[in-house]
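Peer 1: The structure under discussion is supplied below as structure tokens; questions concerning it will follow.
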Amino acid sequence: MSSSFGTLFRVTTFGESHGQGVGAVIDGCPPKTPLDETDIQPQLDRRRPAQSKLTTTRKEADRVSILSGVQNGKTLGTPIALLVKNKDQRPADYDQMRSVPRPSHADYTYQMKYGIRASSGGGRSSARETVGRVAAGAVAEKILSERYGIEIVAWVSAVYTIEAPSPDLAGISRQEVDRSAVRCPDLQAAEKMQAAIVEAQEAGDSVGGIITCVCRNIPAGLGEPVFNKIEALLAQAMLSIPATKGFEIGSGFAGSRMRGSAHNDVFIKKGAHLGTRTNYSGGVQGGISNGEPLIFRVAFKPPATISMPQKTVDFEGNDTVLEAKGRHDPCVVPRAVPIVESMAALVLTDLALQQKMRENETV
Ligand SMILES: Cc1cc2nc3c(=O)[nH]c(=O)nc-3n(C[C@H](O)[C@H](O)[C@H](O)COP(=O)(O)O)c2cc1C
């Protein structure tokens with residue numbers, strides 16, 4: 001079951017980096033939802049490789065086809081299969097890496113687990129697998145925006161040691177995020193981040209970064225305590241993205257350095273409901289959304305495949321020097337922005353459907 005995610009809105013991704021194609025099957029999408037490829041393609045375009053000099057140069061158009069579950073522009077309630085064909089594989093780039101596991105990549109662990117692994121391209125451990133997540137996430141987003149007016153916007157808030165100031169969380173839009181190739185809405189910080197990525201790339205190296213995400217117009221009541229708390233599912237969703245190393249919600253680790261009197265989110269009346277004056281909770285209390293925006297951060301490591309020579313050993317334990325060939329991302333965060341948004345959409349759609357079911361039961 002390791003390639004499936006969700007309870008009622010259940011997504012299974014398939015495909016290897018150098019196989020024929022990648023994609024997803026969604027089971028449990030509500031019927032009569034308007035849907036066609038144009039709802040999905042824009043997010044795939046934002047995830048696509050070779051968007052700028054900051055990303056891998058692998059050339060993939062990533063055109064999505066809806067194979068099933070949709071007729072005359074409406075979902076049928078049956079499984080929706082989404083397919084993107086692979087085009088630009090170069091297995092020869094992986095010749096040396098067949099006998100030498102890349103340090104901090106997944107070659108060694110996949111081999112140990114399965115006793116076999118995809119002969120090139122990293123197989124399922126490649127970020128190519130996330131095409132299916134982004135395609136399915138776009139369908140989830142359509143449901144969230146049509147039924148609840150939910151908006152999800154993620155951006156790059158740090159690269160290497162460069163941190164950007166927080167944008168206006170109530171207003172930040174994807175258009176603002178996409179004004180820079182690095183996807184940081186603060187253009188001064190974006191310039192410094194881009195320079196850091198290019199500098200690392202030119203040295204045959206790589207750098208990490210942080211993505212921050214805000215989800216607005218979330219109704220109070222989403223989340224299934226105690227094990228499927230909304231933050232627990234978000235953490236699982238985010239930490240399943242390749243190269244992630246950390247997840248924080250609301251005040252996160254910094255909250256541990258505050259006093260309760262400063263950290264408490266005092267209630268105030270907001271329209272027909274209660275809201276909070278501050279949002280250190282990140283929109284969640286007791287594992288249930290409280291109606292305030294969800295706000296969380298995801299840390300990404302510097303990608304493992306670097307062209308700088310590295311002293312290591314081959315699968316037999318013999319000393320060797322690995323100089324990775326091929327086209328690789330010097331920093332993953334600019335392309336990971338739509339992946340974070342998509343995984344958030346999958347979690348929220350699944351929880352919204354579960355809450356709807358509960359409300360129907362209790363009427
Ligand atoms: C958008 C994106 C692009 C990535 N590109 C690369 C890459 O070009 N080279 C690489 O070594 N890792 C890349 N990764 C990360 C690897 O897939 C990942 O590090 C590897 O599967 C090992 O898993 P782990 O880092 O989660 O332990 C990328 C990740 C994402 C999210």
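All residue names refer to the structure tokens as shown: chains lettered A, B, ... in order, residues numbered from 1 in each chain, ligands numbered from 1 in order.
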List every residue of region 56-180 of chain A that DSSP, applied to the backbone of this structure, places in strand (DSSP E), and write the result as an mmCIF file with all heavy atoms, in the first residue's frame.
Peer 2:
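File produced: out-v1.cif:
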```cif
data_model
loop_
_atom_site.group_PDB
_atom_site.id
_atom_site.type_symbol
_atom_site.label_atom_id
_atom_site.label_comp_id
_atom_site.auth_asym_id
_atom_site.auth_seq_id
_atom_site.Cartn_x
_atom_site.Cartn_y
_atom_site.Cartn_z
ATOM 1 N N VAL A 64 -0.510 16.195 -19.602
ATOM 2 C CA VAL A 64 -1.319 15.187 -18.909
ATOM 3 C C VAL A 64 -2.496 14.740 -19.782
ATOM 4 O O VAL A 64 -3.073 15.544 -20.516
ATOM 5 C CB VAL A 64 -1.850 15.726 -17.551
ATOM 6 C CG1 VAL A 64 -2.863 16.842 -17.736
ATOM 7 C CG2 VAL A 64 -2.442 14.609 -16.701
ATOM 8 N N SER A 65 -2.807 13.438 -19.729
ATOM 9 C CA SER A 65 -4.032 12.918 -20.364
ATOM 10 C C SER A 65 -4.903 12.308 -19.278
ATOM 11 O O SER A 65 -4.405 11.574 -18.416
ATOM 12 C CB SER A 65 -3.711 11.808 -21.367
ATOM 13 O OG SER A 65 -2.818 12.261 -22.325
ATOM 14 N N ILE A 66 -6.205 12.613 -19.347
ATOM 15 C CA ILE A 66 -7.165 11.962 -18.434
ATOM 16 C C ILE A 66 -7.673 10.728 -19.168
ATOM 17 O O ILE A 66 -8.325 10.837 -20.213
ATOM 18 C CB ILE A 66 -8.336 12.910 -18.088
ATOM 19 C CG1 ILE A 66 -7.814 14.187 -17.411
ATOM 20 C CG2 ILE A 66 -9.348 12.197 -17.203
ATOM 21 C CD1 ILE A 66 -8.881 15.221 -17.096
ATOM 22 N N VAL A 70 -13.851 10.591 -16.350
ATOM 23 C CA VAL A 70 -14.388 11.916 -16.704
ATOM 24 C C VAL A 70 -15.080 11.784 -18.058
ATOM 25 O O VAL A 70 -14.549 11.181 -18.984
ATOM 26 C CB VAL A 70 -13.255 12.969 -16.808
ATOM 27 C CG1 VAL A 70 -13.811 14.333 -17.205
ATOM 28 C CG2 VAL A 70 -12.499 13.078 -15.471
ATOM 29 N N GLN A 71 -16.277 12.341 -18.157
ATOM 30 C CA GLN A 71 -16.985 12.336 -19.434
ATOM 31 C C GLN A 71 -17.654 13.692 -19.627
ATOM 32 O O GLN A 71 -18.265 14.216 -18.685
ATOM 33 C CB GLN A 71 -18.063 11.239 -19.403
ATOM 34 C CG GLN A 71 -18.468 10.793 -20.779
ATOM 35 C CD GLN A 71 -19.476 9.653 -20.681
ATOM 36 O OE1 GLN A 71 -20.525 9.790 -20.055
ATOM 37 N NE2 GLN A 71 -19.146 8.541 -21.279
ATOM 38 N N LYS A 74 -17.116 16.285 -16.925
ATOM 39 C CA LYS A 74 -17.583 16.084 -15.534
ATOM 40 C C LYS A 74 -17.082 14.747 -14.999
ATOM 41 O O LYS A 74 -17.055 13.753 -15.734
ATOM 42 C CB LYS A 74 -19.118 16.063 -15.474
ATOM 43 C CG LYS A 74 -19.751 17.398 -15.761
ATOM 44 C CD LYS A 74 -20.742 17.757 -14.652
ATOM 45 C CE LYS A 74 -21.122 19.210 -14.688
ATOM 46 N NZ LYS A 74 -22.321 19.499 -15.451
ATOM 47 N N THR A 75 -16.687 14.729 -13.719
ATOM 48 C CA THR A 75 -16.242 13.466 -13.129
ATOM 49 C C THR A 75 -17.441 12.532 -12.965
ATOM 50 O O THR A 75 -18.569 12.980 -12.712
ATOM 51 C CB THR A 75 -15.581 13.692 -11.752
ATOM 52 O OG1 THR A 75 -16.527 14.339 -10.892
ATOM 53 C CG2 THR A 75 -14.341 14.561 -11.872
ATOM 54 N N ILE A 80 -10.267 7.941 -11.601
ATOM 55 C CA ILE A 80 -9.713 8.867 -12.601
ATOM 56 C C ILE A 80 -8.234 8.508 -12.785
ATOM 57 O O ILE A 80 -7.450 8.605 -11.843
ATOM 58 C CB ILE A 80 -9.838 10.327 -12.127
ATOM 59 C CG1 ILE A 80 -11.308 10.682 -11.894
ATOM 60 C CG2 ILE A 80 -9.208 11.296 -13.134
ATOM 61 C CD1 ILE A 80 -11.509 12.051 -11.244
ATOM 62 N N ALA A 81 -7.877 8.080 -14.004
ATOM 63 C CA ALA A 81 -6.467 7.748 -14.286
ATOM 64 C C ALA A 81 -5.834 8.908 -15.047
ATOM 65 O O ALA A 81 -6.377 9.395 -16.043
ATOM 66 C CB ALA A 81 -6.391 6.467 -15.110
ATOM 67 N N LEU A 82 -4.703 9.377 -14.547
ATOM 68 C CA LEU A 82 -3.996 10.523 -15.136
ATOM 69 C C LEU A 82 -2.619 10.050 -15.585
ATOM 70 O O LEU A 82 -1.869 9.474 -14.793
ATOM 71 C CB LEU A 82 -3.839 11.634 -14.091
ATOM 72 C CG LEU A 82 -5.139 12.087 -13.423
ATOM 73 C CD1 LEU A 82 -4.840 12.930 -12.192
ATOM 74 C CD2 LEU A 82 -5.985 12.886 -14.412
ATOM 75 N N LEU A 83 -2.274 10.301 -16.855
ATOM 76 C CA LEU A 83 -1.007 9.785 -17.396
ATOM 77 C C LEU A 83 -0.181 10.906 -18.009
ATOM 78 O O LEU A 83 -0.696 11.748 -18.752
ATOM 79 C CB LEU A 83 -1.295 8.729 -18.477
ATOM 80 C CG LEU A 83 -0.069 8.182 -19.224
ATOM 81 C CD1 LEU A 83 0.822 7.365 -18.286
ATOM 82 C CD2 LEU A 83 -0.484 7.339 -20.427
ATOM 83 N N VAL A 84 1.122 10.892 -17.680
ATOM 84 C CA VAL A 84 2.094 11.782 -18.328
ATOM 85 C C VAL A 84 3.202 10.879 -18.880
ATOM 86 O O VAL A 84 3.791 10.085 -18.123
ATOM 87 C CB VAL A 84 2.686 12.794 -17.314
ATOM 88 C CG1 VAL A 84 3.897 13.508 -17.904
ATOM 89 C CG2 VAL A 84 1.626 13.812 -16.901
ATOM 90 N N LYS A 85 3.453 10.965 -20.180
ATOM 91 C CA LYS A 85 4.484 10.096 -20.761
ATOM 92 C C LYS A 85 5.866 10.676 -20.519
ATOM 93 O O LYS A 85 6.047 11.893 -20.556
ATOM 94 C CB LYS A 85 4.229 9.932 -22.259
ATOM 95 C CG LYS A 85 2.993 9.103 -22.518
ATOM 96 C CD LYS A 85 3.009 8.497 -23.900
ATOM 97 C CE LYS A 85 1.863 7.513 -24.012
ATOM 98 N NZ LYS A 85 1.210 7.541 -25.285
ATOM 99 N N GLU A 151 -7.976 28.351 -0.611
ATOM 100 C CA GLU A 151 -6.811 28.750 -1.433
ATOM 101 C C GLU A 151 -5.552 28.216 -0.771
ATOM 102 O O GLU A 151 -5.385 28.347 0.441
ATOM 103 C CB GLU A 151 -6.710 30.273 -1.489
ATOM 104 C CG GLU A 151 -7.888 30.935 -2.150
ATOM 105 C CD GLU A 151 -7.868 32.447 -1.945
ATOM 106 O OE1 GLU A 151 -7.187 32.934 -1.018
ATOM 107 O OE2 GLU A 151 -8.566 33.126 -2.707
ATOM 108 N N ILE A 152 -4.664 27.666 -1.583
ATOM 109 C CA ILE A 152 -3.392 27.125 -1.071
ATOM 110 C C ILE A 152 -2.268 27.805 -1.834
ATOM 111 O O ILE A 152 -2.241 27.754 -3.066
ATOM 112 C CB ILE A 152 -3.314 25.600 -1.284
ATOM 113 C CG1 ILE A 152 -4.508 24.898 -0.635
ATOM 114 C CG2 ILE A 152 -1.992 25.041 -0.759
ATOM 115 C CD1 ILE A 152 -4.618 23.409 -0.936
ATOM 116 N N VAL A 153 -1.368 28.463 -1.117
ATOM 117 C CA VAL A 153 -0.236 29.148 -1.774
ATOM 118 C C VAL A 153 1.046 28.813 -1.000
ATOM 119 O O VAL A 153 1.125 29.035 0.211
ATOM 120 C CB VAL A 153 -0.421 30.685 -1.797
ATOM 121 C CG1 VAL A 153 0.743 31.351 -2.524
ATOM 122 C CG2 VAL A 153 -1.733 31.064 -2.463
ATOM 123 N N ALA A 154 2.035 28.287 -1.723
ATOM 124 C CA ALA A 154 3.344 28.003 -1.115
ATOM 125 C C ALA A 154 4.406 28.844 -1.814
ATOM 126 O O ALA A 154 4.207 29.274 -2.960
ATOM 127 C CB ALA A 154 3.676 26.523 -1.240
ATOM 128 N N TRP A 155 5.505 29.098 -1.127
ATOM 129 C CA TRP A 155 6.595 29.871 -1.717
ATOM 130 C C TRP A 155 7.911 29.483 -1.065
ATOM 131 O O TRP A 155 7.932 28.864 0.009
ATOM 132 C CB TRP A 155 6.341 31.376 -1.555
ATOM 133 C CG TRP A 155 6.284 31.840 -0.125
ATOM 134 C CD1 TRP A 155 7.304 32.332 0.630
ATOM 135 C CD2 TRP A 155 5.123 31.823 0.731
ATOM 136 N NE1 TRP A 155 6.855 32.628 1.896
ATOM 137 C CE2 TRP A 155 5.528 32.323 1.998
ATOM 138 C CE3 TRP A 155 3.790 31.432 0.556
ATOM 139 C CZ2 TRP A 155 4.647 32.440 3.058
ATOM 140 C CZ3 TRP A 155 2.918 31.542 1.634
ATOM 141 C CH2 TRP A 155 3.351 32.049 2.857
ATOM 142 N N VAL A 156 8.998 29.866 -1.718
ATOM 143 C CA VAL A 156 10.328 29.580 -1.177
ATOM 144 C C VAL A 156 10.655 30.678 -0.165
ATOM 145 O O VAL A 156 10.706 31.860 -0.516
ATOM 146 C CB VAL A 156 11.379 29.516 -2.305
ATOM 147 C CG1 VAL A 156 12.787 29.439 -1.734
ATOM 148 C CG2 VAL A 156 11.090 28.315 -3.205
ATOM 149 N N SER A 157 10.846 30.277 1.100
ATOM 150 C CA SER A 157 11.125 31.273 2.145
ATOM 151 C C SER A 157 12.594 31.285 2.543
ATOM 152 O O SER A 157 13.037 32.207 3.225
ATOM 153 C CB SER A 157 10.235 31.029 3.361
ATOM 154 O OG SER A 157 10.286 29.688 3.748
ATOM 155 N N ALA A 158 13.350 30.259 2.142
ATOM 156 C CA ALA A 158 14.798 30.255 2.402
ATOM 157 C C ALA A 158 15.504 29.375 1.389
ATOM 158 O O ALA A 158 14.940 28.377 0.916
ATOM 159 C CB ALA A 158 15.094 29.755 3.818
ATOM 160 N N VAL A 159 16.707 29.790 1.023
ATOM 161 C CA VAL A 159 17.617 28.954 0.232
ATOM 162 C C VAL A 159 18.978 29.057 0.900
ATOM 163 O O VAL A 159 19.469 30.163 1.151
ATOM 164 C CB VAL A 159 17.713 29.427 -1.234
ATOM 165 C CG1 VAL A 159 18.934 28.825 -1.930
ATOM 166 C CG2 VAL A 159 16.451 29.069 -2.013
ATOM 167 N N ILE A 162 20.102 32.036 3.103
ATOM 168 C CA ILE A 162 19.363 33.289 2.807
ATOM 169 C C ILE A 162 17.892 33.121 3.171
ATOM 170 O O ILE A 162 17.209 32.239 2.629
ATOM 171 C CB ILE A 162 19.504 33.653 1.318
ATOM 172 C CG1 ILE A 162 20.970 33.817 0.979
ATOM 173 C CG2 ILE A 162 18.713 34.908 0.959
ATOM 174 C CD1 ILE A 162 21.331 33.269 -0.354
ATOM 175 N N GLU A 163 17.400 33.965 4.066
ATOM 176 C CA GLU A 163 16.001 33.875 4.490
ATOM 177 C C GLU A 163 15.239 35.093 4.007
ATOM 178 O O GLU A 163 15.753 36.213 4.080
ATOM 179 C CB GLU A 163 15.920 33.807 6.014
ATOM 180 C CG GLU A 163 16.170 32.417 6.532
ATOM 181 C CD GLU A 163 16.067 32.345 8.043
ATOM 182 O OE1 GLU A 163 15.126 32.921 8.592
ATOM 183 O OE2 GLU A 163 16.955 31.717 8.643
#
```
Peer 1: Collect all residues with atoms no farther than 8 Å from ligand 1, counting only C-alpha atoms and all ligand atoms, and output them as JSON, numbers by chain.
Peer 2: {"A": [47, 55, 56, 104, 105, 106, 122, 124, 125, 126, 127, 128, 130, 239, 240, 241, 242, 243, 244, 245, 300, 301, 303, 304, 305, 306, 327, 328, 329, 330, 331, 332, 333, 334, 335, 336, 339]}
Peer 1: For the residues in the current selection, export N, CA, C and O atoms as a short mmCIF file (atom, residue, chain, number, x, y, z; two decimals), in the first residue's frame.
Peer 2:
```
data_model
loop_
_atom_site.label_atom_id
_atom_site.label_comp_id
_atom_site.auth_asym_id
_atom_site.auth_seq_id
_atom_site.Cartn_x
_atom_site.Cartn_y
_atom_site.Cartn_z
N ARG A 47 5.79 22.52 -11.99
CA ARG A 47 6.68 21.48 -11.43
C ARG A 47 7.73 21.00 -12.45
O ARG A 47 8.76 20.44 -12.09
N THR A 55 17.10 24.92 -12.59
CA THR A 55 16.58 23.56 -12.45
C THR A 55 17.31 22.62 -13.41
O THR A 55 18.07 23.06 -14.27
N THR A 56 17.06 21.30 -13.24
CA THR A 56 17.61 20.31 -14.15
C THR A 56 17.22 20.65 -15.60
O THR A 56 16.14 21.21 -15.84
N SER A 104 23.82 9.64 0.02
CA SER A 104 22.59 10.35 0.43
C SER A 104 21.46 10.29 -0.59
O SER A 104 20.46 11.00 -0.45
N HIS A 105 21.59 9.44 -1.62
CA HIS A 105 20.43 9.17 -2.49
C HIS A 105 19.82 7.84 -2.05
O HIS A 105 20.17 7.32 -0.99
N ALA A 106 18.91 7.27 -2.85
CA ALA A 106 18.16 6.10 -2.40
C ALA A 106 18.63 4.81 -3.07
O ALA A 106 17.98 3.77 -2.91
N GLY A 122 16.94 6.51 -10.91
CA GLY A 122 16.42 6.56 -9.53
C GLY A 122 15.06 5.91 -9.36
O GLY A 122 14.54 5.85 -8.25
N ARG A 124 11.49 4.95 -8.61
CA ARG A 124 10.43 5.63 -7.86
C ARG A 124 10.96 6.68 -6.90
O ARG A 124 10.20 7.51 -6.40
N SER A 125 12.28 6.62 -6.61
CA SER A 125 12.82 7.60 -5.67
C SER A 125 13.05 8.95 -6.35
O SER A 125 13.29 9.96 -5.70
N SER A 126 12.97 8.95 -7.67
CA SER A 126 13.16 10.20 -8.42
C SER A 126 11.99 11.15 -8.18
O SER A 126 10.85 10.72 -7.99
N ALA A 127 12.27 12.44 -8.27
CA ALA A 127 11.20 13.44 -8.15
C ALA A 127 10.19 13.33 -9.28
O ALA A 127 9.12 13.94 -9.23
N ARG A 128 10.50 12.55 -10.31
CA ARG A 128 9.55 12.33 -11.41
C ARG A 128 8.26 11.70 -10.87
O ARG A 128 7.20 11.90 -11.43
N THR A 130 6.65 12.55 -8.46
CA THR A 130 5.76 13.57 -7.92
C THR A 130 4.85 14.18 -9.00
O THR A 130 3.93 14.94 -8.67
N LEU A 239 6.50 15.02 4.49
CA LEU A 239 7.74 14.25 4.65
C LEU A 239 7.81 13.07 3.69
O LEU A 239 8.84 12.39 3.61
N SER A 240 6.74 12.83 2.93
CA SER A 240 6.80 11.80 1.87
C SER A 240 7.35 12.39 0.57
O SER A 240 7.61 11.65 -0.38
N ILE A 241 7.51 13.71 0.51
CA ILE A 241 8.10 14.34 -0.69
C ILE A 241 9.61 14.09 -0.65
O ILE A 241 10.23 14.27 0.40
N PRO A 242 10.21 13.65 -1.77
CA PRO A 242 11.65 13.37 -1.73
C PRO A 242 12.45 14.60 -1.32
O PRO A 242 12.12 15.73 -1.68
N ALA A 243 13.50 14.36 -0.56
CA ALA A 243 14.47 15.38 -0.12
C ALA A 243 14.00 16.22 1.06
O ALA A 243 14.69 17.16 1.45
N THR A 244 12.84 15.89 1.66
CA THR A 244 12.38 16.67 2.82
C THR A 244 13.08 16.20 4.08
O THR A 244 13.34 15.01 4.26
N LYS A 245 13.36 17.13 4.97
CA LYS A 245 14.04 16.80 6.22
C LYS A 245 13.37 17.39 7.44
O LYS A 245 13.79 17.10 8.57
N PHE A 300 13.94 21.28 2.98
CA PHE A 300 14.50 20.38 1.96
C PHE A 300 16.02 20.39 2.04
O PHE A 300 16.64 21.45 2.16
N LYS A 301 16.60 19.23 1.92
CA LYS A 301 18.07 19.11 1.97
C LYS A 301 18.68 19.51 0.62
O LYS A 301 17.97 19.59 -0.39
N PRO A 303 20.17 18.61 -2.75
CA PRO A 303 20.04 17.34 -3.47
C PRO A 303 21.37 16.58 -3.52
O PRO A 303 22.45 17.16 -3.55
N ALA A 304 21.23 15.23 -3.54
CA ALA A 304 22.39 14.36 -3.34
C ALA A 304 23.30 14.27 -4.57
O ALA A 304 24.51 14.12 -4.43
N THR A 305 22.71 14.35 -5.75
CA THR A 305 23.51 14.10 -6.95
C THR A 305 24.27 15.37 -7.34
O THR A 305 23.66 16.34 -7.79
N ILE A 306 25.57 15.35 -7.11
CA ILE A 306 26.40 16.52 -7.41
C ILE A 306 27.54 16.08 -8.33
O ILE A 306 27.97 14.93 -8.26
N ARG A 327 21.70 15.31 -15.65
CA ARG A 327 21.09 16.62 -15.43
C ARG A 327 20.36 16.58 -14.09
O ARG A 327 19.49 15.75 -13.89
N HIS A 328 20.78 17.42 -13.19
CA HIS A 328 20.22 17.36 -11.84
C HIS A 328 19.91 18.75 -11.31
O HIS A 328 20.53 19.73 -11.71
N ASP A 329 18.96 18.79 -10.38
CA ASP A 329 18.59 20.08 -9.78
C ASP A 329 19.65 20.50 -8.77
O ASP A 329 19.92 19.74 -7.83
N PRO A 330 20.22 21.70 -8.90
CA PRO A 330 21.17 22.17 -7.89
C PRO A 330 20.47 22.58 -6.59
O PRO A 330 21.11 22.72 -5.54
N CYS A 331 19.13 22.78 -6.64
CA CYS A 331 18.32 23.12 -5.47
C CYS A 331 16.89 22.73 -5.83
O CYS A 331 16.41 23.10 -6.90
N VAL A 332 16.21 21.98 -4.96
CA VAL A 332 14.91 21.44 -5.39
C VAL A 332 13.75 22.38 -5.09
O VAL A 332 12.66 22.22 -5.64
N VAL A 333 13.93 23.38 -4.22
CA VAL A 333 12.75 24.11 -3.71
C VAL A 333 11.94 24.87 -4.77
O VAL A 333 10.72 24.89 -4.67
N PRO A 334 12.58 25.47 -5.82
CA PRO A 334 11.71 26.17 -6.77
C PRO A 334 10.68 25.24 -7.42
O PRO A 334 9.52 25.61 -7.60
N ARG A 335 11.10 24.00 -7.73
CA ARG A 335 10.17 23.05 -8.35
C ARG A 335 9.28 22.35 -7.32
O ARG A 335 8.25 21.77 -7.68
N ALA A 336 9.68 22.36 -6.06
CA ALA A 336 8.90 21.65 -5.04
C ALA A 336 7.69 22.46 -4.56
O ALA A 336 6.80 21.90 -3.90
N ILE A 339 4.50 20.96 -5.54
CA ILE A 339 4.36 19.62 -4.92
C ILE A 339 3.83 19.78 -3.50
O ILE A 339 2.93 19.04 -3.07
#
```
Peer 1: With a distance cut-off of 8 Å and only C-alpha atoms, select the neighbouring residues of region 140-149 of chain A, excluding the residue or stretch itself and same-chain residues fewer than 3 positions from it, and output the selection as a list in words.
Peer 2: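 Here the qualifying residues turn out to be Thr33, Leu35, Asp39, Ala136, Gly137, Asn217, Ile218, Pro219, Ser342, Ala345, Leu346, Leu348 and Thr349 of chain A.
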Peer 1: Can you measure CA of Gly221 (chain A) to CA of Glu359 (chain A) for me? One decimal in Å is fine.
Peer 2: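 According to the coordinates, CA of Gly221 (chain A) and CA of Glu359 (chain A) are separated by 10.4 Å.
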Peer 1: Tell me which of A:Cys213, A:Ala262, A:Val337, A:Ala50 sits closest to Phe247 (chain A), counting only C-alpha atoms.
Peer 2: A:Cys213
Peer 1: Return the single residue from A:Leu76, A:Val139, A:Met97, A:Ala237 that is closest to Asp36 (chain A), with distances computed using only C-alpha atoms.
Peer 2: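 Of the candidates, the smallest distance to Asp36 (chain A) is held by A:Val139.
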Peer 1: Point out the residue among A:Arg63, A:His263, A:Arg133, A:Lys229 with the least atom-to-atom distance to Thr12 (chain A), counting only C-alpha atoms.
Peer 2: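 Selected residue with least distance to Thr12 (chain A): A:Arg133.
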Peer 1: Of the candidates A:Asp178, A:Asp168, A:Glu361, A:Glu16, which shows the shortest atom-to-atom distance to Gly121 (chain A), using only C-alpha atoms?
Peer 2: A:Glu16
Peer 1: Write out as an NGL selection string each polymer residue whose atoms come within 12 Å of Leu274 (chain A), counting only C-alpha atoms; drop sequence neighbours fewer than 2 positions from it.
Peer 2: :A and (219-220 or 265-272 or 276-277 or 290-292)
Peer 1: Considering only C-alpha atoms, return as number ranges by chain whatever protein or nucleic-acid residues lie within 7 Å of Pro185 (chain A), sequence-local ones (same chain, fewer than 3 positions apart) excluded.
Peer 2: A: 176-177, 179
Peer 1: Given the selection you just returned, output its residues as a file containing C-alpha atoms, formatted as a PDB file, in the first residue's frame.
Peer 2:
```
ATOM      1  CA  GLU A 176       3.420  36.955  -6.863  1.00  0.00           C
ATOM      2  CA  VAL A 177       5.328  33.786  -6.036  1.00  0.00           C
ATOM      3  CA  ARG A 179       7.467  36.611 -10.343  1.00  0.00           C
TER       4      ARG A 179
END
```
Peer 1: Using only C-alpha atoms, which of the listed residues (A:Ile197, A:Ala344, A:Ile26, A:Val321) sits closest to Ile295 (chain A)?
Peer 2: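 Looking at the shortest contact to Ile295 (chain A), the residue is A:Ala344.
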Peer 1: Hey, which of A:Arg90, A:Ser256, A:Arg46, A:Lys53 ends up closest to Gln175 (chain A)? Count only C-alpha atoms.
Peer 2: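 Smallest distance to Gln175 (chain A) is found for A:Arg46.
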Peer 1: Can you pull out every residue within 8 Å of region 99-103 of chain A, counting only C-alpha atoms, but drop anything in the same chain fewer than 3 positions away, and send it as a list in words?
Peer 2: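 The residues that qualify are Asp95, Gln96, Ala106, Asp107, Tyr108, Ala304, Thr305, Thr312, Val313, Asp314, Phe315 and Leu322 of chain A.
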Peer 1: Grab the residues selected above and save them as a short mmCIF file (atom, residue, chain, number, x, y, z; two decimals), in the first residue's frame with N, CA and C atoms.
Peer 2:
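Saved to part.cif:
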```cif
data_model
loop_
_atom_site.label_atom_id
_atom_site.label_comp_id
_atom_site.auth_asym_id
_atom_site.auth_seq_id
_atom_site.Cartn_x
_atom_site.Cartn_y
_atom_site.Cartn_z
N ASP A 95 25.64 5.24 -16.02
CA ASP A 95 26.52 4.07 -16.15
C ASP A 95 27.32 3.80 -14.88
N GLN A 96 28.05 4.84 -14.38
CA GLN A 96 28.88 4.62 -13.18
C GLN A 96 27.99 4.36 -11.95
N ALA A 106 18.91 7.27 -2.85
CA ALA A 106 18.16 6.10 -2.40
C ALA A 106 18.63 4.81 -3.07
N ASP A 107 19.76 4.85 -3.82
CA ASP A 107 20.21 3.65 -4.55
C ASP A 107 20.47 2.48 -3.60
N TYR A 108 21.20 2.75 -2.51
CA TYR A 108 21.59 1.69 -1.58
C TYR A 108 20.36 1.12 -0.86
N ALA A 304 21.23 15.23 -3.54
CA ALA A 304 22.39 14.36 -3.34
C ALA A 304 23.30 14.27 -4.57
N THR A 305 22.71 14.35 -5.75
CA THR A 305 23.51 14.10 -6.95
C THR A 305 24.27 15.37 -7.34
N THR A 312 34.02 7.67 -2.18
CA THR A 312 33.00 6.80 -1.58
C THR A 312 33.39 5.36 -1.88
N VAL A 313 32.48 4.41 -1.73
CA VAL A 313 32.77 3.03 -2.13
C VAL A 313 31.67 2.53 -3.05
N ASP A 314 32.01 1.51 -3.89
CA ASP A 314 30.98 0.92 -4.76
C ASP A 314 30.17 -0.11 -3.97
N PHE A 315 29.22 -0.77 -4.62
CA PHE A 315 28.36 -1.74 -3.93
C PHE A 315 29.16 -2.88 -3.30
N LEU A 322 33.24 9.09 -7.12
CA LEU A 322 32.01 9.27 -7.93
C LEU A 322 31.92 10.70 -8.43
#
```
Peer 1: If you run DSSP over the backbone, which residues in region 199-315 of chain A end up helix (DSSP H, G or I)? Put them as a list in words.
Peer 2: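 Assigned to helix (DSSP H, G or I), within region 199-315 of chain A: Glu199, Ala200, Gln201, Glu202, Ile230, Glu231, Ala232, Leu233, Leu234, Ala235, Gln236, Ala237, Met238, Leu239, Gly252, Phe253, Ala254, Gly255, Ser256, Arg257, Gly260, Ser261, Ala262 and His263 of chain A.
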Peer 1: Selected residues, C-alpha atoms, written as a short mmCIF file (atom, residue, chain, number, x, y, z; two decimals), in the first residue's frame, please.
Peer 2:
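Resulting contents of part.cif:
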```
data_model
loop_
_atom_site.label_atom_id
_atom_site.label_comp_id
_atom_site.auth_asym_id
_atom_site.auth_seq_id
_atom_site.Cartn_x
_atom_site.Cartn_y
_atom_site.Cartn_z
CA GLU A 199 27.21 29.57 -7.41
CA ALA A 200 26.66 26.07 -5.98
CA GLN A 201 25.81 24.68 -9.42
CA GLU A 202 28.95 26.16 -10.97
CA ILE A 230 -4.65 17.50 10.50
CA GLU A 231 -1.04 18.38 11.37
CA ALA A 232 -0.09 14.70 11.59
CA LEU A 233 -1.44 14.04 8.09
CA LEU A 234 0.19 17.20 6.73
CA ALA A 235 3.51 16.12 8.26
CA GLN A 236 3.19 12.67 6.70
CA ALA A 237 2.23 14.17 3.34
CA MET A 238 5.10 16.66 3.36
CA LEU A 239 7.74 14.25 4.65
CA GLY A 252 6.99 25.21 15.22
CA PHE A 253 10.33 24.74 16.96
CA ALA A 254 10.55 28.48 17.76
CA GLY A 255 7.41 28.11 19.96
CA SER A 256 9.44 26.06 22.41
CA ARG A 257 11.39 29.23 23.25
CA GLY A 260 2.43 30.48 27.23
CA SER A 261 1.27 34.06 27.88
CA ALA A 262 2.94 35.18 24.66
CA HIS A 263 2.16 32.03 22.66
#
```
